[in-house]
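J.: Here's a structure for you.
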Amino acid sequence: MPEEPIGVIGAGWVGLATATGFADLGHHVTVRDVTPERVAALSAGVVPIHEPGLAQLLEQNRDRLRFTLELDDVLESARIIFVCVGTPATYSGEADLSAVWGVIDELAGCERELVIVMKSTVPVGTGERVRRRLDERGLAHVGYVSNPEFLAEGTALANFRNPDRVVVGSFAATDGDRVAALYAPLAAPILRTDVASAEMIKLASNAALVTRISFINEIANVCELVGADIEDVARGIGLDRRLGPHFLRAGIGYGGSCFPKDASALKQLAANSGYHFQLLASVIEVNELQKRRVVQKLRDHLGSLHGKTVALLGLTFKPHTDDMREAPSLVLGSRLLAEGAVVRAWDPVARDVQRHFPDGVELAETPLEAVHGADAALIVTEWPELTELVRSEVRDAMRTPLIVDGRNMLDPTAVRAAGFTYEAIGRPSAMVTELNESRNESRLPF
Ligand SMILES: NC(=O)c1ccc[n+]([C@@H]2O[C@H](COP(=O)([O-])OP(=O)(O)OC[C@H]3O[C@@H](n4cnc5c(N)ncnc54)[C@H](O)[C@@H]3O)[C@@H](O)[C@H]2O)c1
């Protein structure tokens with residue numbers, strides 16, 4: 001396909017994956033961000049986020065990528081501009097669109113022919129509002145396309161190259177054609193829709209994913225009470241072709257920069273439109289409660305946590321990213337401190353940890369240092385390094401060899417054989433088994 005100069009606004013996960021992905025397909029891409037350090041770092045070939053493969057791909061395509069603080073540099077060359085700025089949650093749970101509107105207002109000064117492509121996740125109806133604002137300013141020649149992003153951090157580049165689908169929602173078919181053409185080399189299904197439907201596909205997809213997560217977590221919680229093993233149960237569910245195996249990993253719940261805010265934004269959008277989204281409200285509540293269940297597991301074994309040392313292992317919201325936004329570790333760290341525990345945290349890539357945590361969390365360089373003298377190790381993020389916990393050196397270093405595995409990443413048989421007490425999510429626990437046996441004994445026979 002012919003080379004098309006592209007502009008990208010916002011150099012975060014989505015902006016950088018989009019920019020390097022299109023550069024790799026042969027396009028010249030100008031990326032604008034408002035953070036001077038970020039632009040300086042990228043211009044010097046330093047990637048400011050932890051995303052596997054990104055630094056190499058950027059290096060390979062350096063001659064087609066340009067980073068700038070100036071919007072004019074983007075407008076000078078590009079006629080298709082992808083908006084990839086953040087849309088965090090506001091206090092009311094809605095999406096904060098201030099960065100989006102900032103970009104639209106800047107672009108609206110442009111007299112040239114242009115297509116604005118919204119990749120940021122926005123509430124349904126945003127495109128319609130943007131279209132109105134552009135028209136009011138006499139900018140009917142500026143096109144608008146909704147092209148929501150579905151990448152996952154940690155696999156962002158693979159997701160760009162091999163997406164499950166590309167959604168292109170447009171007001172004018174010709175604008176949609178231009179955006180769809182950019183994705184043609186990827187051989188992915190391209191779904192053409194109106195703008196509102198494209199916006200809804202993004203929010204509904206994330207709502208479906210978090211619903212599966214909360215569903216399997218609730219099944220896990222019931223498994224704990226009835227003596228079933230969630231790992232086998234999830235495998236059995238996932239083999240059903242109607243259901244599939246994805247997003248059936250029980251654990252301490254979802255976090256990150258997208259799921260919590262997008263679920264909340266859809267719930268709020270529905271409420272503002274006069275509909276109480278009962279299911280999504282429950283999904284969100286289940287997730288909040290799920291994070292705290294591991295604290296109760298610690299209490300079950302240790303009694304009061306006051307003065308007890310807990311190693312908090314893994315801080316980022318998932319492995320292979322340094323993103324700390326809405327990470328369950330933040331809730332757990334605060335909760336443990338509030339219970340009077342000494343919290344010693346470890347993570348291989350998390351940055352600015354002290355900024356995210358309340359005072360009092362100690363930082364360890366290695367998992368072994370974190371568990372030294374600890375009463376419990378709490379696995380929060382399934383970093384592969386944590387499989388190394390199952391060693392006699394670790395067991396002997398701990399005051400109490402208790403592992404609470406919030407991600408079901410370890411093999412219970414191996415961990416127990418190594419001399420640890422092991423608790424996971426939705427898996428038989430020595431304590432519960434004993435309790436059930438004593439309950440059964442005390443029941444009257446029928
Ligand atoms: N991170 C993900 O996994 C993911 C996946 C799918 C969709 N999304 C959505 O994509 C959007 C971007 O997410 P992200 O994680 O890449 O965000 P991010 O916070 O990592 O990056 C946003 C970038 O935009 C920059 N920015 C803000 N205002 C700007 C402006 N006026 N001009 C230029 N740059 C500006 C910020 O400095 C920042 O570098 C969000 O709406 C998010 O919901 C994110």
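FYI, nothing fancy with the structure tokens labels: chains A, B, ... in order, residues from 1 per chain, ligands from 1 as they appear.
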Go through range 282-343 of chain A residue by residue and, counting only C-alpha atoms, keep those with an atom at most 12 Å from range 421-431 of chain A; for each kept residue give the shortest atom pair and its distance in Å to one decimal, ordered by chain and increasing number, as CSV.

T.:
```
residue,atom,partner,partner_atom,distance
A:Gln290,CA,A:Ile425,CA,9.7
A:Lys291,CA,A:Ile425,CA,10.9
A:Arg292,CA,A:Ile425,CA,11.8
A:Arg293,CA,A:Ile425,CA,9.0
A:Val294,CA,A:Ile425,CA,8.3
A:Val295,CA,A:Glu423,CA,11.4
A:Gln296,CA,A:Glu423,CA,11.2
A:Lys297,CA,A:Glu423,CA,7.5
A:Leu298,CA,A:Glu423,CA,8.9
A:Arg299,CA,A:Glu423,CA,11.9
A:Asp300,CA,A:Met431,CA,8.7
A:His301,CA,A:Met431,CA,8.7
A:Leu302,CA,A:Thr421,CA,11.5
```

J.: Write out, as CSV, each residue of chain A that has an atom at most 7 Å from ligand 1, together with the closest pair of atoms and their distance in Å to one decimal, counting only C-alpha atoms and all ligand atoms, rows going by chain and rising number.

T.:
```
residue,atom,partner,partner_atom_place_in_ligand_line,distance
A:Ile9,CA,ligand 1,33 (C),4.6
A:Gly10,CA,ligand 1,24 (O),3.4
A:Ala11,CA,ligand 1,39 (O),4.5
A:Gly12,CA,ligand 1,21 (O),3.2
A:Trp13,CA,ligand 1,16 (O),3.7
A:Val14,CA,ligand 1,16 (O),3.8
A:Gly15,CA,ligand 1,16 (O),5.6
A:Arg32,CA,ligand 1,33 (C),5.2
A:Asp33,CA,ligand 1,34 (N),3.5
A:Val34,CA,ligand 1,34 (N),4.7
A:Thr35,CA,ligand 1,37 (O),5.0
A:Cys84,CA,ligand 1,12 (C),4.8
A:Val85,CA,ligand 1,24 (O),3.7
A:Gly86,CA,ligand 1,40 (C),4.1
A:Thr87,CA,ligand 1,41 (O),4.3
A:Pro88,CA,ligand 1,43 (O),6.9
A:Ala99,CA,ligand 1,28 (N),4.8
A:Gly102,CA,ligand 1,31 (N),5.5
A:Val103,CA,ligand 1,31 (N),4.9
A:Lys119,CA,ligand 1,10 (O),6.0
A:Ser120,CA,ligand 1,41 (O),3.5
A:Thr121,CA,ligand 1,41 (O),3.9
A:Val122,CA,ligand 1,41 (O),6.5
A:Pro148,CA,ligand 1,7 (C),6.9
A:Glu149,CA,ligand 1,6 (C),4.6
A:Phe150,CA,ligand 1,6 (C),4.7
A:Leu151,CA,ligand 1,5 (C),4.9
A:Ala152,CA,ligand 1,3 (O),4.7
A:Glu153,CA,ligand 1,3 (O),4.7
A:Ser257,CA,ligand 1,1 (N),5.9
A:Cys258,CA,ligand 1,43 (O),5.2
```

J.: Based on the selection just made, write C-alpha atoms of those residues as a short mmCIF file (atom, residue, chain, number, x, y, z; two decimals), in the first residue's frame.

T.:
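Output (part_5.cif):
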```
data_model
loop_
_atom_site.label_atom_id
_atom_site.label_comp_id
_atom_site.auth_asym_id
_atom_site.auth_seq_id
_atom_site.Cartn_x
_atom_site.Cartn_y
_atom_site.Cartn_z
CA ILE A 9 -0.93 12.38 19.69
CA GLY A 10 0.14 10.92 23.04
CA ALA A 11 3.21 8.73 23.55
CA GLY A 12 1.90 6.27 26.15
CA TRP A 13 1.25 2.55 25.65
CA VAL A 14 -1.30 3.02 22.91
CA GLY A 15 0.48 5.90 21.15
CA ARG A 32 3.55 14.41 19.71
CA ASP A 33 3.48 14.35 23.51
CA VAL A 34 3.24 17.19 26.01
CA THR A 35 5.76 15.78 28.48
CA CYS A 84 -4.00 8.33 21.94
CA VAL A 85 -4.15 10.50 25.05
CA GLY A 86 -5.20 9.23 28.47
CA THR A 87 -8.84 9.19 29.59
CA PRO A 88 -8.60 8.41 33.33
CA ALA A 99 -6.93 15.69 27.36
CA GLY A 102 -7.56 19.74 24.58
CA VAL A 103 -6.35 17.93 21.45
CA LYS A 119 -8.00 5.60 19.66
CA SER A 120 -8.45 6.78 23.23
CA THR A 121 -11.30 5.00 25.01
CA VAL A 122 -14.17 7.47 25.22
CA PRO A 148 -10.83 1.90 19.49
CA GLU A 149 -7.73 0.14 20.72
CA PHE A 150 -7.83 -3.38 22.21
CA LEU A 151 -4.16 -3.99 22.96
CA ALA A 152 -3.06 -5.44 26.28
CA GLU A 153 0.05 -4.14 28.03
CA SER A 257 -5.23 1.52 33.57
CA CYS A 258 -8.23 0.24 31.58
#
```

J.: Using DSSP on the backbone coordinates, identify the residues of range 122-248 of chain A assigned to strand (DSSP E); present them as a list of chain:residue names.

T.: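 DSSP-assigned strand (DSSP E) residues in range 122-248 of chain A: A:Val142, A:Gly143, A:Tyr144, A:Val145, A:Ser146, A:Val166, A:Val167, A:Val168, A:Gly169, A:Ser170, A:Ile190, A:Leu191, A:Arg192, A:Thr193.
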
J.: Just want the 6 Å neighbourhood of range 391-400 of chain A, counted on only C-alpha atoms, with same-chain residues fewer than 5 positions away dropped. Output as a list of chain:residue names.

T.: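 Listing them by chain and then by number gives A:Val371, A:His372, A:Gly373, A:Ala374, A:Asp375.
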
J.: Which residues come within 12 Å of Glu51 in chain A, counting only C-alpha atoms, excluding same-chain residues fewer than 6 positions away, as a CSV table (one decimal) with N, CA and C atoms, in the first residue's frame?

T.:
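Final file, part36.csv:
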```csv
chain,number,residue,atom,x,y,z
A,12,GLY,N,2.0,7.3,25.1
A,12,GLY,CA,1.9,6.3,26.1
A,12,GLY,C,1.9,4.9,25.5
A,13,TRP,N,1.3,3.9,26.2
A,13,TRP,CA,1.3,2.6,25.6
A,13,TRP,C,0.6,2.5,24.3
A,14,VAL,N,-0.6,3.1,24.2
A,14,VAL,CA,-1.3,3.0,22.9
A,14,VAL,C,-0.6,3.8,21.8
A,16,LEU,N,2.6,4.7,21.5
A,16,LEU,CA,3.8,4.1,21.1
A,16,LEU,C,3.7,2.8,20.3
A,17,ALA,N,2.7,2.0,20.7
A,17,ALA,CA,2.4,0.8,20.0
A,17,ALA,C,1.9,1.1,18.6
A,57,LEU,N,11.9,-2.4,18.4
A,57,LEU,CA,11.1,-2.1,17.2
A,57,LEU,C,11.3,-0.6,16.9
A,58,LEU,N,11.4,0.2,18.0
A,58,LEU,CA,11.6,1.6,17.8
A,58,LEU,C,12.9,1.9,17.1
A,151,LEU,N,-5.4,-3.3,22.6
A,151,LEU,CA,-4.2,-4.0,23.0
A,151,LEU,C,-4.1,-4.2,24.5
A,152,ALA,N,-3.3,-5.2,24.9
A,152,ALA,CA,-3.1,-5.4,26.3
A,152,ALA,C,-1.6,-5.1,26.6
A,153,GLU,N,-1.3,-4.4,27.7
A,153,GLU,CA,0.0,-4.1,28.0
A,153,GLU,C,0.8,-5.5,28.2
A,154,GLY,N,2.0,-5.5,27.8
A,154,GLY,CA,2.8,-6.7,27.9
A,154,GLY,C,2.9,-7.4,26.6
A,155,THR,N,1.8,-7.3,25.8
A,155,THR,CA,1.7,-7.9,24.4
A,155,THR,C,1.3,-6.9,23.4
A,156,ALA,N,1.6,-5.6,23.7
A,156,ALA,CA,1.1,-4.5,22.8
A,156,ALA,C,1.5,-4.7,21.4
A,157,LEU,N,2.7,-5.0,21.1
A,157,LEU,CA,3.2,-5.0,19.7
A,157,LEU,C,2.6,-6.2,19.0
A,158,ALA,N,2.5,-7.4,19.6
A,158,ALA,CA,1.9,-8.5,19.0
A,158,ALA,C,0.4,-8.2,18.7
A,318,LYS,N,0.0,-6.2,36.5
A,318,LYS,CA,0.1,-7.5,35.9
A,318,LYS,C,1.6,-7.6,35.5
A,319,PRO,N,2.1,-8.8,35.2
A,319,PRO,CA,3.5,-8.9,34.9
A,319,PRO,C,3.8,-8.3,33.5
A,320,HIS,N,5.1,-8.1,33.2
A,320,HIS,CA,5.6,-7.6,31.9
A,320,HIS,C,5.1,-6.2,31.6
A,321,THR,N,4.8,-5.4,32.6
A,321,THR,CA,4.5,-4.0,32.5
A,321,THR,C,5.0,-3.3,33.7
A,322,ASP,N,5.3,-2.0,33.6
A,322,ASP,CA,5.7,-1.2,34.8
A,322,ASP,C,4.5,-0.3,35.3
A,323,ASP,N,3.4,-0.6,34.7
A,323,ASP,CA,2.2,0.2,35.0
A,323,ASP,C,1.6,-0.1,36.4
A,349,VAL,N,10.2,-4.4,38.1
A,349,VAL,CA,10.3,-3.2,37.2
A,349,VAL,C,9.5,-2.0,37.6
```
